[in-house]
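Enquirer: File follows, final.cif with mmCIF, C-alpha atoms and all ligand atoms:
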```cif
data_query
loop_
_atom_site.group_PDB
_atom_site.id
_atom_site.type_symbol
_atom_site.label_atom_id
_atom_site.label_comp_id
_atom_site.auth_asym_id
_atom_site.auth_seq_id
_atom_site.Cartn_x
_atom_site.Cartn_y
_atom_site.Cartn_z
ATOM 1 C CA MET A 1 109.370 84.742 88.875
ATOM 2 C CA ALA A 2 107.435 81.476 89.404
ATOM 3 C CA PRO A 3 105.083 81.438 92.436
ATOM 4 C CA SER A 4 107.269 78.758 94.057
ATOM 5 C CA GLY A 5 110.235 81.208 93.902
ATOM 6 C CA TYR A 6 108.173 83.749 95.790
ATOM 7 C CA LEU A 7 107.119 81.126 98.308
ATOM 8 C CA GLU A 8 110.744 80.589 99.250
ATOM 9 C CA ARG A 9 111.436 84.334 99.387
ATOM 10 C CA ILE A 10 108.415 84.847 101.652
ATOM 11 C CA LEU A 11 109.546 82.084 103.999
ATOM 12 C CA ARG A 12 113.021 83.641 104.154
ATOM 13 C CA ALA A 13 111.814 87.260 104.394
ATOM 14 C CA ARG A 14 113.207 89.331 107.247
ATOM 15 C CA VAL A 15 110.480 91.557 108.554
ATOM 16 C CA TYR A 16 110.164 90.958 112.288
ATOM 17 C CA ASP A 17 113.096 93.182 113.287
ATOM 18 C CA VAL A 18 110.647 96.049 112.648
ATOM 19 C CA ALA A 19 107.192 94.596 111.993
ATOM 20 C CA GLN A 20 104.957 92.814 114.455
ATOM 21 C CA GLU A 21 102.791 89.828 113.722
ATOM 22 C CA SER A 22 99.580 91.885 113.615
ATOM 23 C CA PRO A 23 96.398 90.381 115.084
ATOM 24 C CA LEU A 24 93.705 88.849 112.878
ATOM 25 C CA GLU A 25 90.555 90.088 114.579
ATOM 26 C CA ASP A 26 86.887 89.283 114.269
ATOM 27 C CA ALA A 27 84.782 92.188 112.977
ATOM 28 C CA PRO A 28 81.408 91.408 114.620
ATOM 29 C CA ARG A 29 79.383 94.359 113.260
ATOM 30 C CA LEU A 30 80.615 94.004 109.713
ATOM 31 C CA SER A 31 80.033 90.247 109.951
ATOM 32 C CA ALA A 32 76.426 90.785 111.124
ATOM 33 C CA ARG A 33 75.750 93.300 108.367
ATOM 34 C CA LEU A 34 77.148 91.064 105.650
ATOM 35 C CA GLY A 35 75.755 87.801 107.023
ATOM 36 C CA ASN A 36 79.231 86.273 106.858
ATOM 37 C CA ARG A 37 82.195 85.953 109.192
ATOM 38 C CA VAL A 38 84.643 88.737 108.443
ATOM 39 C CA LEU A 39 88.134 88.968 109.949
ATOM 40 C CA ILE A 40 90.435 91.959 109.705
ATOM 41 C CA LYS A 41 94.218 91.790 109.580
ATOM 42 C CA ARG A 42 95.212 94.760 111.739
ATOM 43 C CA GLU A 43 98.187 96.128 109.825
ATOM 44 C CA ASP A 44 97.173 99.575 111.053
ATOM 45 C CA LEU A 45 98.806 98.528 114.355
ATOM 46 C CA GLN A 46 102.281 98.356 112.802
ATOM 47 C CA PRO A 47 104.819 100.970 114.023
ATOM 48 C CA VAL A 48 104.211 103.159 110.922
ATOM 49 C CA PHE A 49 100.493 102.281 110.745
ATOM 50 C CA SER A 50 100.671 100.218 107.547
ATOM 51 C CA PHE A 51 102.138 97.000 106.143
ATOM 52 C CA LYS A 52 104.621 98.927 103.992
ATOM 53 C CA LEU A 53 107.524 98.489 106.393
ATOM 54 C CA ARG A 54 107.534 94.734 105.724
ATOM 55 C CA GLY A 55 108.558 95.044 102.073
ATOM 56 C CA ALA A 56 110.847 98.005 102.690
ATOM 57 C CA TYR A 57 112.719 96.276 105.515
ATOM 58 C CA ASN A 58 113.060 92.996 103.647
ATOM 59 C CA LYS A 59 114.486 94.822 100.631
ATOM 60 C CA ILE A 60 116.859 97.071 102.541
ATOM 61 C CA SER A 61 118.154 94.372 104.887
ATOM 62 C CA SER A 62 119.012 92.199 101.857
ATOM 63 C CA LEU A 63 121.404 94.826 100.407
ATOM 64 C CA SER A 64 125.158 94.243 100.438
ATOM 65 C CA ALA A 65 127.314 96.003 103.018
ATOM 66 C CA ALA A 66 128.596 98.358 100.302
ATOM 67 C CA GLU A 67 125.042 99.222 99.184
ATOM 68 C CA LYS A 68 123.981 99.771 102.779
ATOM 69 C CA GLY A 69 126.983 102.042 103.227
ATOM 70 C CA ARG A 70 125.810 104.280 100.368
ATOM 71 C CA GLY A 71 122.150 104.375 101.470
ATOM 72 C CA VAL A 72 118.706 104.121 99.885
ATOM 73 C CA ILE A 73 116.303 106.376 98.044
ATOM 74 C CA ALA A 74 112.543 106.233 97.471
ATOM 75 C CA ALA A 75 109.831 108.384 95.950
ATOM 76 C CA SER A 76 106.582 108.384 97.881
ATOM 77 C CA ALA A 77 104.073 110.725 99.435
ATOM 78 C CA GLY A 78 102.782 108.244 101.937
ATOM 79 C CA ASN A 79 103.137 104.935 103.682
ATOM 80 C CA HIS A 80 106.031 103.629 101.610
ATOM 81 C CA ALA A 81 108.084 106.676 102.582
ATOM 82 C CA GLN A 82 107.529 105.913 106.256
ATOM 83 C CA GLY A 83 108.312 102.225 105.762
ATOM 84 C CA VAL A 84 111.615 102.984 104.019
ATOM 85 C CA ALA A 85 112.563 105.647 106.565
ATOM 86 C CA LEU A 86 111.909 103.360 109.526
ATOM 87 C CA ALA A 87 113.699 100.390 107.943
ATOM 88 C CA ALA A 88 116.753 102.515 107.163
ATOM 89 C CA GLN A 89 116.757 104.010 110.657
ATOM 90 C CA ARG A 90 116.711 100.528 112.234
ATOM 91 C CA LEU A 91 119.568 99.407 110.035
ATOM 92 C CA GLY A 92 121.493 102.619 110.682
ATOM 93 C CA ILE A 93 121.750 103.653 107.043
ATOM 94 C CA ARG A 94 121.082 106.825 105.051
ATOM 95 C CA ALA A 95 117.595 107.253 103.566
ATOM 96 C CA CYS A 96 116.612 109.960 101.124
ATOM 97 C CA ILE A 97 112.912 110.354 100.327
ATOM 98 C CA VAL A 98 111.657 112.445 97.412
ATOM 99 C CA MET A 99 108.102 113.690 97.915
ATOM 100 C CA PRO A 100 105.917 115.836 95.656
ATOM 101 C CA THR A 101 105.557 119.432 96.895
ATOM 102 C CA THR A 102 101.811 118.756 97.330
ATOM 103 C CA THR A 103 102.483 116.212 100.133
ATOM 104 C CA PRO A 104 100.599 117.152 103.327
ATOM 105 C CA ARG A 105 102.877 118.637 105.986
ATOM 106 C CA ILE A 106 101.917 115.958 108.527
ATOM 107 C CA LYS A 107 103.333 113.229 106.264
ATOM 108 C CA VAL A 108 106.530 115.146 105.569
ATOM 109 C CA ASP A 109 107.041 115.653 109.305
ATOM 110 C CA ALA A 110 106.365 111.982 110.061
ATOM 111 C CA VAL A 111 109.051 110.872 107.599
ATOM 112 C CA ARG A 112 111.525 113.490 108.819
ATOM 113 C CA ALA A 113 110.959 112.340 112.412
ATOM 114 C CA LEU A 114 112.188 108.907 111.329
ATOM 115 C CA GLY A 115 115.532 110.422 110.405
ATOM 116 C CA ALA A 116 115.181 110.497 106.606
ATOM 117 C CA GLU A 117 116.461 113.315 104.404
ATOM 118 C CA ILE A 118 113.591 114.805 102.430
ATOM 119 C CA GLU A 119 113.499 116.513 99.063
ATOM 120 C CA LEU A 120 110.239 118.120 97.983
ATOM 121 C CA ILE A 121 110.175 118.086 94.185
ATOM 122 C CA GLY A 122 107.463 118.485 91.497
ATOM 123 C CA ASP A 123 103.701 118.573 91.795
ATOM 124 C CA SER A 124 103.085 114.920 90.942
ATOM 125 C CA TYR A 125 104.404 111.511 91.937
ATOM 126 C CA ASP A 126 105.863 111.125 88.431
ATOM 127 C CA GLU A 127 108.109 114.142 88.852
ATOM 128 C CA ALA A 128 109.247 113.033 92.321
ATOM 129 C CA TYR A 129 109.955 109.556 90.924
ATOM 130 C CA ALA A 130 112.020 110.954 88.028
ATOM 131 C CA HIS A 131 114.093 113.051 90.446
ATOM 132 C CA ALA A 132 114.649 110.051 92.736
ATOM 133 C CA LYS A 133 115.917 108.018 89.775
ATOM 134 C CA THR A 134 118.378 110.821 88.963
ATOM 135 C CA LEU A 135 119.687 110.843 92.546
ATOM 136 C CA GLU A 136 119.925 107.050 92.500
ATOM 137 C CA ALA A 137 122.449 107.349 89.682
ATOM 138 C CA SER A 138 124.288 110.485 90.781
ATOM 139 C CA GLU A 139 124.683 109.553 94.475
ATOM 140 C CA GLY A 140 124.974 105.761 94.161
ATOM 141 C CA LEU A 141 121.897 105.189 96.314
ATOM 142 C CA THR A 142 119.737 102.060 95.975
ATOM 143 C CA PHE A 143 116.201 102.786 94.786
ATOM 144 C CA VAL A 144 113.534 101.046 96.865
ATOM 145 C CA HIS A 145 110.489 100.616 94.647
ATOM 146 C CA PRO A 146 107.091 100.737 96.435
ATOM 147 C CA TYR A 147 105.830 97.519 94.799
ATOM 148 C CA ASP A 148 107.678 96.404 91.664
ATOM 149 C CA ASP A 149 110.487 94.513 93.398
ATOM 150 C CA PRO A 150 110.660 90.798 94.357
ATOM 151 C CA ASP A 151 112.014 91.542 97.859
ATOM 152 C CA VAL A 152 109.308 94.133 98.531
ATOM 153 C CA ILE A 153 106.633 91.725 97.268
ATOM 154 C CA ALA A 154 108.026 88.890 99.417
ATOM 155 C CA GLY A 155 108.005 91.138 102.504
ATOM 156 C CA GLN A 156 104.329 91.992 101.951
ATOM 157 C CA GLY A 157 103.651 88.264 101.351
ATOM 158 C CA THR A 158 104.484 87.510 105.002
ATOM 159 C CA ILE A 159 100.971 88.794 105.761
ATOM 160 C CA ALA A 160 99.499 85.760 103.962
ATOM 161 C CA LEU A 161 101.701 83.397 105.928
ATOM 162 C CA GLU A 162 100.477 84.970 109.175
ATOM 163 C CA ILE A 163 96.816 84.870 108.127
ATOM 164 C CA MET A 164 96.969 81.167 107.325
ATOM 165 C CA ARG A 165 98.737 80.415 110.593
ATOM 166 C CA GLN A 166 96.423 82.581 112.700
ATOM 167 C CA HIS A 167 93.123 81.354 111.259
ATOM 168 C CA ARG A 168 92.161 77.828 112.195
ATOM 169 C CA GLY A 169 89.122 77.104 110.003
ATOM 170 C CA SER A 170 88.759 77.391 106.248
ATOM 171 C CA LEU A 171 88.689 80.705 104.388
ATOM 172 C CA ASP A 172 86.510 81.445 101.356
ATOM 173 C CA ALA A 173 88.121 84.664 100.191
ATOM 174 C CA ILE A 174 90.819 87.197 101.029
ATOM 175 C CA PHE A 175 90.119 90.817 100.115
ATOM 176 C CA VAL A 176 93.237 92.836 99.414
ATOM 177 C CA PRO A 177 93.462 96.593 98.737
ATOM 178 C CA VAL A 178 95.372 97.286 95.531
ATOM 179 C CA GLY A 179 97.525 100.294 94.661
ATOM 180 C CA GLY A 180 100.608 99.353 92.662
ATOM 181 C CA GLY A 181 99.938 95.678 93.317
ATOM 182 C CA GLY A 182 102.843 94.666 95.589
ATOM 183 C CA LEU A 183 100.655 93.588 98.472
ATOM 184 C CA ILE A 184 98.332 91.486 96.330
ATOM 185 C CA ALA A 185 101.297 90.001 94.441
ATOM 186 C CA GLY A 186 102.883 88.804 97.710
ATOM 187 C CA ILE A 187 99.635 87.531 99.206
ATOM 188 C CA GLY A 188 98.569 86.027 95.873
ATOM 189 C CA ALA A 189 101.855 84.191 95.321
ATOM 190 C CA TYR A 190 101.649 82.546 98.749
ATOM 191 C CA ILE A 191 97.945 81.711 98.777
ATOM 192 C CA LYS A 192 97.632 80.618 95.152
ATOM 193 C CA HIS A 193 100.553 78.267 95.567
ATOM 194 C CA LEU A 194 99.463 76.645 98.834
ATOM 195 C CA TYR A 195 95.694 77.185 98.910
ATOM 196 C CA PRO A 196 94.452 77.485 95.310
ATOM 197 C CA GLU A 197 90.793 77.120 96.381
ATOM 198 C CA ILE A 198 90.716 80.627 97.927
ATOM 199 C CA ASP A 199 89.274 83.200 95.546
ATOM 200 C CA LEU A 200 91.358 86.264 94.712
ATOM 201 C CA SER A 201 89.270 88.067 92.130
ATOM 202 C CA MET A 202 91.041 88.985 88.908
ATOM 203 C CA ASP A 203 88.437 91.589 88.032
ATOM 204 C CA GLU A 204 90.326 94.907 88.033
ATOM 205 C CA MET A 205 87.228 97.027 87.777
ATOM 206 C CA ALA A 206 85.537 95.284 90.688
ATOM 207 C CA LYS A 207 88.642 95.822 92.821
ATOM 208 C CA LEU A 208 89.310 99.414 91.825
ATOM 209 C CA HIS A 209 85.789 100.793 91.762
ATOM 210 C CA VAL A 210 82.827 98.607 92.541
ATOM 211 C CA ARG A 211 83.720 97.954 96.165
ATOM 212 C CA TYR A 212 83.170 101.694 96.801
ATOM 213 C CA MET A 213 80.014 101.898 94.798
ATOM 214 C CA VAL A 214 77.762 98.968 95.598
ATOM 215 C CA GLY A 215 74.202 100.233 95.649
ATOM 216 C CA GLY A 216 74.760 102.736 92.835
ATOM 217 C CA ARG A 217 72.422 100.946 90.418
ATOM 218 C CA ALA A 218 70.570 103.177 87.925
ATOM 219 C CA PRO A 219 68.355 102.251 84.946
ATOM 220 C CA THR A 220 70.134 104.623 82.566
ATOM 221 C CA ALA A 221 69.744 104.237 78.807
ATOM 222 C CA ASN A 222 72.535 104.086 76.197
ATOM 223 C CA GLU A 223 75.411 103.962 78.643
ATOM 224 C CA ARG A 224 79.005 103.397 77.553
ATOM 225 C CA LEU A 225 81.267 102.685 80.524
ATOM 226 C CA LEU A 226 84.947 103.623 80.462
ATOM 227 C CA ARG A 227 87.798 103.268 82.910
ATOM 228 C CA PHE A 228 90.363 106.093 82.563
ATOM 229 C CA GLU A 229 93.729 107.010 84.032
ATOM 230 C CA VAL A 230 94.157 110.699 84.828
ATOM 231 C CA PRO A 231 97.542 112.107 85.932
ATOM 232 C CA GLU A 232 97.622 112.907 89.651
ATOM 233 C CA ARG A 233 98.482 116.622 89.569
ATOM 234 C CA PRO A 234 96.590 119.768 90.496
ATOM 235 C CA GLY A 235 93.966 120.737 87.912
ATOM 236 C CA ALA A 236 94.236 117.503 85.896
ATOM 237 C CA LEU A 237 90.881 116.100 87.030
ATOM 238 C CA MET A 238 89.082 119.373 86.297
ATOM 239 C CA GLN A 239 90.642 119.489 82.839
ATOM 240 C CA PHE A 240 89.565 115.900 82.231
ATOM 241 C CA LEU A 241 85.982 116.644 83.316
ATOM 242 C CA THR A 242 85.789 119.705 81.078
ATOM 243 C CA HIS A 243 86.882 117.609 78.109
ATOM 244 C CA ILE A 244 84.564 114.659 78.585
ATOM 245 C CA GLY A 245 81.436 116.512 79.728
ATOM 246 C CA GLY A 246 81.011 118.740 76.660
ATOM 247 C CA ARG A 247 78.987 116.693 74.205
ATOM 248 C CA TRP A 248 77.461 113.638 75.924
ATOM 249 C CA ASN A 249 75.744 113.409 79.281
ATOM 250 C CA ILE A 250 77.850 111.889 82.107
ATOM 251 C CA SER A 251 75.598 109.383 83.905
ATOM 252 C CA LEU A 252 78.181 107.894 86.285
ATOM 253 C CA PHE A 253 81.459 109.245 87.597
ATOM 254 C CA HIS A 254 83.743 107.695 90.175
ATOM 255 C CA TYR A 255 87.207 108.995 90.960
ATOM 256 C CA ARG A 256 89.644 107.345 93.314
ATOM 257 C CA ASN A 257 93.016 108.734 94.367
ATOM 258 C CA HIS A 258 95.218 105.740 95.190
ATOM 259 C CA GLY A 259 98.235 107.802 96.132
ATOM 260 C CA ALA A 260 99.841 106.634 92.887
ATOM 261 C CA ALA A 261 100.940 108.448 89.737
ATOM 262 C CA PHE A 262 97.451 108.171 88.227
ATOM 263 C CA GLY A 263 93.979 108.755 89.551
ATOM 264 C CA ARG A 264 91.451 106.123 88.525
ATOM 265 C CA VAL A 265 88.237 107.317 86.984
ATOM 266 C CA LEU A 266 85.233 105.223 86.041
ATOM 267 C CA ALA A 267 82.791 107.182 83.904
ATOM 268 C CA ALA A 268 79.638 106.359 81.985
ATOM 269 C CA LEU A 269 78.386 108.567 79.184
ATOM 270 C CA GLN A 270 75.023 108.362 77.464
ATOM 271 C CA VAL A 271 75.682 107.850 73.774
ATOM 272 C CA PRO A 272 72.897 107.056 71.269
ATOM 273 C CA GLU A 273 73.902 104.106 69.073
ATOM 274 C CA PRO A 274 74.126 106.091 65.801
ATOM 275 C CA GLU A 275 76.809 108.246 67.439
ATOM 276 C CA TYR A 276 79.067 105.335 68.470
ATOM 277 C CA ASP A 277 81.684 105.910 65.745
ATOM 278 C CA GLU A 278 81.878 109.591 66.541
ATOM 279 C CA PHE A 279 82.212 108.727 70.255
ATOM 280 C CA ASP A 280 85.025 106.254 69.534
ATOM 281 C CA ARG A 281 86.929 108.965 67.631
ATOM 282 C CA PHE A 282 86.305 111.380 70.503
ATOM 283 C CA LEU A 283 87.782 108.890 73.004
ATOM 284 C CA THR A 284 90.905 108.381 70.908
ATOM 285 C CA ASP A 285 91.403 112.142 70.453
ATOM 286 C CA LEU A 286 90.905 112.734 74.185
ATOM 287 C CA GLY A 287 94.361 111.250 74.824
ATOM 288 C CA TYR A 288 93.798 109.690 78.273
ATOM 289 C CA PRO A 289 94.555 105.946 78.569
ATOM 290 C CA PHE A 290 91.242 104.078 78.885
ATOM 291 C CA ILE A 291 89.630 100.650 78.844
ATOM 292 C CA GLU A 292 86.023 100.134 77.752
ATOM 293 C CA GLU A 293 84.070 98.329 80.501
ATOM 294 C CA THR A 294 80.521 98.436 79.038
ATOM 295 C CA LYS A 295 80.368 94.612 79.040
ATOM 296 C CA ASN A 296 82.018 94.139 82.456
ATOM 297 C CA ALA A 297 80.151 91.600 84.614
ATOM 298 C CA ALA A 298 80.560 93.635 87.835
ATOM 299 C CA TYR A 299 78.985 96.645 86.105
ATOM 300 C CA HIS A 300 75.937 94.597 85.089
ATOM 301 C CA LEU A 301 75.664 92.923 88.479
ATOM 302 C CA PHE A 302 75.871 96.033 90.692
ATOM 303 C CA LEU A 303 75.348 99.195 88.693
ATOM 304 C CA ARG A 304 72.730 98.533 86.012
HETATM 305 C C1 LIG A 401 97.341 101.401 103.480
HETATM 306 C C2 LIG A 401 97.633 100.893 102.097
HETATM 307 N N1 LIG A 401 96.899 99.874 101.627
HETATM 308 C C3 LIG A 401 97.136 99.359 100.404
HETATM 309 C C4 LIG A 401 98.128 99.861 99.567
HETATM 310 C C5 LIG A 401 98.368 99.241 98.215
HETATM 311 O O1 LIG A 401 99.584 98.515 98.186
HETATM 312 P P1 LIG A 401 100.279 98.112 96.822
HETATM 313 O O2 LIG A 401 100.819 99.377 96.200
HETATM 314 O O3 LIG A 401 101.369 97.145 97.172
HETATM 315 O O4 LIG A 401 99.224 97.495 95.934
HETATM 316 C C6 LIG A 401 98.911 100.933 100.012
HETATM 317 C C7 LIG A 401 99.937 101.500 99.137
HETATM 318 O O5 LIG A 401 100.551 102.503 99.423
HETATM 319 C C8 LIG A 401 98.674 101.455 101.321
HETATM 320 O O6 LIG A 401 99.432 102.459 101.811
#
```
Spit out the file's structure as C-alpha cells when you get a sec.
Expert:
Amino acid sequence: MAPSGYLERILRARVYDVAQESPLEDAPRLSARLGNRVLIKREDLQPVFSFKLRGAYNKISSLSAAEKGRGVIAASAGNHAQGVALAAQRLGIRACIVMPTTTPRIKVDAVRALGAEIELIGDSYDEAYAHAKTLEASEGLTFVHPYDDPDVIAGQGTIALEIMRQHRGSLDAIFVPVGGGGLIAGIGAYIKHLYPEIDLSMDEMAKLHVRYMVGGRAPTANERLLRFEVPERPGALMQFLTHIGGRWNISLFHYRNHGAAFGRVLAALQVPEPEYDEFDRFLTDLGYPFIEETKNAAYHLFLR
C-alpha cells in the first residue's frame, strides 16, 4: 500500500476505546548522558503495558458483524496476545490465543484474566502459529496477525500522530524498537509522508544489534561478521553454537530473543584469508539463514 493510503488509515484508526493517548515525557538523565534532548513515549502506561492493543483493537473493531460473531484467533507468547484479548473483551467477542508451551505462566495467566481461551501448543512460535492457522480455517475465526496487516500497522501508526501533536519543537530522529516491523511500518508511513526530514535508519544491523552493543569495540584480526537467524526453540541456540564454534575462533557473539519465531544472532569468526573459500562452503552447509555484514558501516563505526 502507498504511504498516503496508510496515512488515511491512521487518521481513521479506532484505538481510543481501549488505548490512552500516552504521555511523551522528558528523560532528563538519559538526555544529560547523551548530550541531547531525549523524550520517551510512555506506551508502558497502556492498560496492557504495551502499544500492541492499538493495532489489535483497530483490526478487530473493523471486522464485519458476522466475523465478530465468529470471533478471532492469534498466536503469540506476549504483548500481542494481551492486546488481542483485551480488544476482544471490550468488543464482547470470542478470542482464542495459541501460545507455545514454553510461555511463562505469568503471561498465560494475564491473557486468561482478560477472558481469552488459551491453547498451549508446540515448543516454538512457529508451531503455535501453524496451529492457530488450522483453527482459523476449521472454526471460522479471523486471524489477527501481530504485524503483517494494514489495520494493525495503522493502529500502531497512531503513536506517530500523537508524537507529532504532543511535541512542539522540531525532532531530529525517532527511535523505534523492531520485532516483526508493524510498529515501525505504522510510524514510518506517517512520519515519512508528512515529515520526510526525520531520520528513520534503514540499517537493519544497527537496529537489531548495535544499539545493545555500543562500546564493544575490539581490534580483532581477520574477522568475518555474519548475521544469522536461529529458530526460537529449546536447545536450538546450543546446537547452533556447537556447529559454528568447532573450527574457527568466535570473536564476537550477540544473541537477541525478540519474542518472534527466530532469534537473531550476530557472530564474528576469525578466518585467515586463505581459508575464505572453505569458510564460505562451511556457511552454506551450516543451513541457517545468514547475511554477511563484514562491510557494514555500523560494524566499522562501533565495533572495530
Ligand atoms: C514492547 C514491544 N516493543 C516492540 C515490539 C516490536 O513490534 P513489531 O513486531 O510491530 O515490530 C514488540 C512486539 O511484540 C513489543 O511487544
Enquirer: Each side padded by 5 Å, which centre and which edge lengths in Å (one decimal) define the axis-aligned box around the listed atoms of stretch 252-262 of chain A? Give them as JSON.
Expert:
```
{"center_x": 89.6, "center_y": 107.5, "center_z": 91.2, "size_x": 32.8, "size_y": 13.5, "size_z": 19.8}
```
Enquirer: What does the structure give for the distance between atom C6 of ligand LIG 401 (chain A) and atom CA of A:Ile184, in Å to one decimal?
Expert: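 Between atom C6 of ligand LIG 401 (chain A) and atom CA of A:Ile184 the gap works out to 10.2 Å.
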Enquirer: Which residue is closest to A:Ala110? Choose from A:Gly245, A:Pro47, A:Gly157, A:Gly122 and count only C-alpha atoms.
Expert: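 Between A:Gly245, A:Pro47, A:Gly157, A:Gly122, the residue approaching A:Ala110 most closely is A:Pro47.
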Enquirer: Kindly indicate which residue among A:Asp148, A:Glu229, A:Glu204, A:Glu275 lies nearest to ligand LIG 401 (chain A), using all atoms listed in the file for the distances.
Expert: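 The answer is A:Asp148, which sits nearest to ligand LIG 401 (chain A).
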Enquirer: Could you pull the residues within 9 Å of A:Val84, counting only C-alpha atoms, minus those fewer than 4 positions along the same chain, as a PyMOL selection string?
Expert: chain A and resi 52-53+55-57+60+72-74+79-80+88-89+95+97+116+144
Enquirer: Would you kindly return, as a compact mmCIF listing (two decimals) with C-alpha atoms, in the coordinates of the input, each protein, DNA or RNA residue with an atom no farther than 12 Å from any atom of A:Phe253, considering only C-alpha atoms and excluding same-chain residues fewer than 4 positions away?
Expert:
```txt
# COMPACT_ATOMS: atom_id res chain seq x y z
CA HIS A 209 85.79 100.79 91.76
CA VAL A 210 82.83 98.61 92.54
CA MET A 213 80.01 101.90 94.80
CA GLY A 216 74.76 102.74 92.84
CA ARG A 224 79.00 103.40 77.55
CA LEU A 225 81.27 102.68 80.52
CA LEU A 226 84.95 103.62 80.46
CA ARG A 227 87.80 103.27 82.91
CA PHE A 228 90.36 106.09 82.56
CA LEU A 237 90.88 116.10 87.03
CA PHE A 240 89.56 115.90 82.23
CA LEU A 241 85.98 116.64 83.32
CA ILE A 244 84.56 114.66 78.58
CA GLY A 245 81.44 116.51 79.73
CA ASN A 249 75.74 113.41 79.28
CA ARG A 264 91.45 106.12 88.52
CA VAL A 265 88.24 107.32 86.98
CA LEU A 266 85.23 105.22 86.04
CA ALA A 267 82.79 107.18 83.90
CA ALA A 268 79.64 106.36 81.98
CA LEU A 269 78.39 108.57 79.18
CA LEU A 303 75.35 99.20 88.69
```
Enquirer: Using only C-alpha atoms and all ligand atoms, which of the listed residues (A:Ser138, A:Thr284, A:Ser31, A:Asn257) sits closest to ligand LIG 401 (chain A)?
Expert: A:Asn257
Enquirer: Please identify all protein, DNA and RNA residues within 8 Å of ligand LIG 401 (chain A), counting only C-alpha atoms and all ligand atoms, and report them as number ranges by chain.
Expert: A: 44, 49-52, 78-80, 146-147, 153, 156, 176-185, 258-260
Enquirer: Near A:Thr101, counting all atoms listed in the file, which residues have an atom at most 9 Å away, once you skip same-chain residues fewer than 5 positions from it, shown as a list in words?
Expert: Glu119, Leu120, Ile121, Gly122, Asp123, Ser124 and Ala128 of chain A
Enquirer: If I put a ball of radius 10 Å at (79.6, 104.2, 73.9) in the file's coordinates, which residues poke into it when counting all atoms listed in the file, written as a PDB file with C-alpha atoms, keeping the file's coordinate frame?
Expert:
```
ATOM      1  CA  ASN A 222      72.535 104.086  76.197  1.00  0.00           C
ATOM      2  CA  GLU A 223      75.411 103.962  78.643  1.00  0.00           C
ATOM      3  CA  ARG A 224      79.005 103.397  77.553  1.00  0.00           C
ATOM      4  CA  LEU A 225      81.267 102.685  80.524  1.00  0.00           C
ATOM      5  CA  LEU A 226      84.947 103.623  80.462  1.00  0.00           C
ATOM      6  CA  TRP A 248      77.461 113.638  75.924  1.00  0.00           C
ATOM      7  CA  ALA A 268      79.638 106.359  81.985  1.00  0.00           C
ATOM      8  CA  LEU A 269      78.386 108.567  79.184  1.00  0.00           C
ATOM      9  CA  GLN A 270      75.023 108.362  77.464  1.00  0.00           C
ATOM     10  CA  VAL A 271      75.682 107.850  73.774  1.00  0.00           C
ATOM     11  CA  PRO A 272      72.897 107.056  71.269  1.00  0.00           C
ATOM     12  CA  GLU A 273      73.902 104.106  69.073  1.00  0.00           C
ATOM     13  CA  PRO A 274      74.126 106.091  65.801  1.00  0.00           C
ATOM     14  CA  GLU A 275      76.809 108.246  67.439  1.00  0.00           C
ATOM     15  CA  TYR A 276      79.067 105.335  68.470  1.00  0.00           C
ATOM     16  CA  ASP A 277      81.684 105.910  65.745  1.00  0.00           C
ATOM     17  CA  GLU A 278      81.878 109.591  66.541  1.00  0.00           C
ATOM     18  CA  PHE A 279      82.212 108.727  70.255  1.00  0.00           C
ATOM     19  CA  ASP A 280      85.025 106.254  69.534  1.00  0.00           C
ATOM     20  CA  LEU A 283      87.782 108.890  73.004  1.00  0.00           C
ATOM     21  CA  GLU A 292      86.023 100.134  77.752  1.00  0.00           C
ATOM     22  CA  GLU A 293      84.070  98.329  80.501  1.00  0.00           C
ATOM     23  CA  THR A 294      80.521  98.436  79.038  1.00  0.00           C
TER      24      THR A 294
END
```
